[in-house]
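Undergrad: Here you go, one structure.
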Amino acid sequence: MVDVLRFESPVTTIYPTGETEDLTLGDLSEITKQIVRADSKTAAAEQLAVTFGSSRIDGDVIVLGQRPDEFLLVGTPTATASLVEGLDRSGHVSVIDHTHSRAMFRLTGSNASATLEKLCSVDWSEPMTPNGAVVSASLAKVGCDIARLDRGPDRSYLIACDRSFAQYLFDAIIDAGNEFDIAVVALAPTLV
Amino acid sequence: MLLVPCPNCGPRNSADLRYFGESHERPNPASASPHEWRSYLYLEDNPADWLKESWFCRSGCRRYFTLERHTGTNEFRSPPMPGNKVGGKA
Ligand SMILES: [Zn+2]
């Protein structure tokens, strides 16, 4: 019998599923994450077509401008691979797969921004961080890349951090969301 | 809490940045004397006045930048703001 290699999430604590769906936290760590470093003058940066602090959905991939000259591609393995393959590598361009070094969570619900406000000093109000906004900041003192990617009428945030801090950060978000009856949900590793 | 205006990220809690101290022009390595190097590396003006200083945006854009801060009032002078806006008091 052949053992099939499975992705092992850094988040191993099992939380009971809550009663409410008004605020949910899910582990998306298995989703493919590629970091592209490309100088703003390169053809690759032009192809990725987002500026620092904004994002763009390209089929099954979301392209996040997470730092000046640095992009995070998140999506299905095939879609991110084909986007990376199509990149013009001329000039100062590098691509590194961070699927196994970065964890990712999704926090969704009407109290999602109120939960983040308890952990982070960034202004999560509509004018400062509209849908699609990307912010790098510390969340419970952990350096994170956070993107607002609403699901229909609900506020939703993708939160990425280093794998070694993932369990701690997951627990910290649960602590902050307890007053809003946060529920842990299982998520398929896709953006939909 | 000190709100530091990062030119890329906007106003951020100073705990999310690293303070790199006074910003002075680096002497020319080809011609600087040991005294000039010591002065550049170790000596500070430490005024109770406007001061040009370096910051590193550790949790945000991970860029170094220079700001002018009044060491008496913690006011930032014409800080560069994201989107080429020029802010007033941070
Ligand atoms: Zn910054």
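Residue numbering restarts at 1 in every chain; chains get A, B, ... in the order shown in the structure tokens, and ligands count up from 1 in that same order.
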So which residues of stretch 2-80 of chain B fall under helix (DSSP H, G or I) by DSSP, listed as a list of chain:residue names?
TA: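 DSSP-assigned helix (DSSP H, G or I) residues in stretch 2-80 of chain B: B:Ser14, B:Ala15, B:Asp16, B:Pro34, B:His35, B:Glu36, B:Trp37, B:Arg38, B:Ser39, B:Tyr40, B:Leu41, B:Tyr42.
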Undergrad: Can you tell me which residues come within 7 Å of ligand 1 when counting only C-alpha atoms and all ligand atoms, ideally as a ChimeraX atom specification?
TA: /B:6-10,57,60-63
Undergrad: With distances taken over only C-alpha atoms, which residue among A:Glu70, A:Glu126, A:Asp145, A:Glu8 lies nearest A:Cys161?
TA: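 Of A:Glu70, A:Glu126, A:Asp145, A:Glu8, the one nearest A:Cys161, counting only C-alpha atoms, is A:Asp145.
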Undergrad: Could you build a table of the residues in chain A lying no more than 9 Å from chain B, giving for each the nearest pair of atoms and their separation in Å rounded to one decimal place, using only C-alpha atoms, ordered by chain and ascending residue number, as JSON lines?
TA:
{"residue": "A:Phe52", "atom": "CA", "partner": "B:Asn8", "partner_atom": "CA", "distance": 8.2}
{"residue": "A:Gly53", "atom": "CA", "partner": "B:Cys9", "partner_atom": "CA", "distance": 8.2}
{"residue": "A:Gln66", "atom": "CA", "partner": "B:Cys61", "partner_atom": "CA", "distance": 7.8}
{"residue": "A:Arg67", "atom": "CA", "partner": "B:Cys61", "partner_atom": "CA", "distance": 5.1}
{"residue": "A:Pro68", "atom": "CA", "partner": "B:Cys61", "partner_atom": "CA", "distance": 6.6}
{"residue": "A:Ser121", "atom": "CA", "partner": "B:Asn13", "partner_atom": "CA", "distance": 6.6}
{"residue": "A:Val122", "atom": "CA", "partner": "B:Arg12", "partner_atom": "CA", "distance": 7.1}
{"residue": "A:Val135", "atom": "CA", "partner": "B:Gly60", "partner_atom": "CA", "distance": 7.3}
{"residue": "A:Ser136", "atom": "CA", "partner": "B:Gly60", "partner_atom": "CA", "distance": 4.5}
{"residue": "A:Ala137", "atom": "CA", "partner": "B:Ser59", "partner_atom": "CA", "distance": 4.8}
{"residue": "A:Ser138", "atom": "CA", "partner": "B:Ser59", "partner_atom": "CA", "distance": 5.6}
{"residue": "A:Lys141", "atom": "CA", "partner": "B:Asp16", "partner_atom": "CA", "distance": 8.4}
{"residue": "A:Val142", "atom": "CA", "partner": "B:Ser59", "partner_atom": "CA", "distance": 8.3}
{"residue": "A:Gly143", "atom": "CA", "partner": "B:Ser59", "partner_atom": "CA", "distance": 5.4}
{"residue": "A:Cys144", "atom": "CA", "partner": "B:Ser59", "partner_atom": "CA", "distance": 7.5}
{"residue": "A:Asp145", "atom": "CA", "partner": "B:Gly60", "partner_atom": "CA", "distance": 8.4}
Undergrad: My list of candidates is B:Arg69, B:Met1, B:Leu43, B:Trp37. Which is closest to B:Trp55 when distances are computed with only C-alpha atoms?
TA: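 Smallest separation from B:Trp55 among the options: B:Arg69.
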Undergrad: For A:Asp154, find every residue with an atom within 7 Å (counting only C-alpha atoms), except residues of its own chain fewer than 2 positions away, and show them as a list in words.
TA: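 Non-adjacent residues within range: Thr108, Gly109, Ser110, Asp150, Arg151, Gly152 and Ser156 of chain A.
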Undergrad: May I have the residues from that selection written out with C-alpha atoms, as a PDB file, in the first residue's frame?
TA:
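Writing the result to result_20.pdb gives the following:
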ATOM      1  CA  THR A 108     -15.204  36.068   8.138  1.00  0.00           C
ATOM      2  CA  GLY A 109     -18.283  37.789   9.531  1.00  0.00           C
ATOM      3  CA  SER A 110     -19.795  41.095  10.583  1.00  0.00           C
ATOM      4  CA  ASP A 150     -15.181  40.040   1.331  1.00  0.00           C
ATOM      5  CA  ARG A 151     -17.443  37.043   0.774  1.00  0.00           C
ATOM      6  CA  GLY A 152     -20.664  38.502  -0.594  1.00  0.00           C
ATOM      7  CA  SER A 156     -13.614  38.583   5.297  1.00  0.00           C
TER       8      SER A 156
END
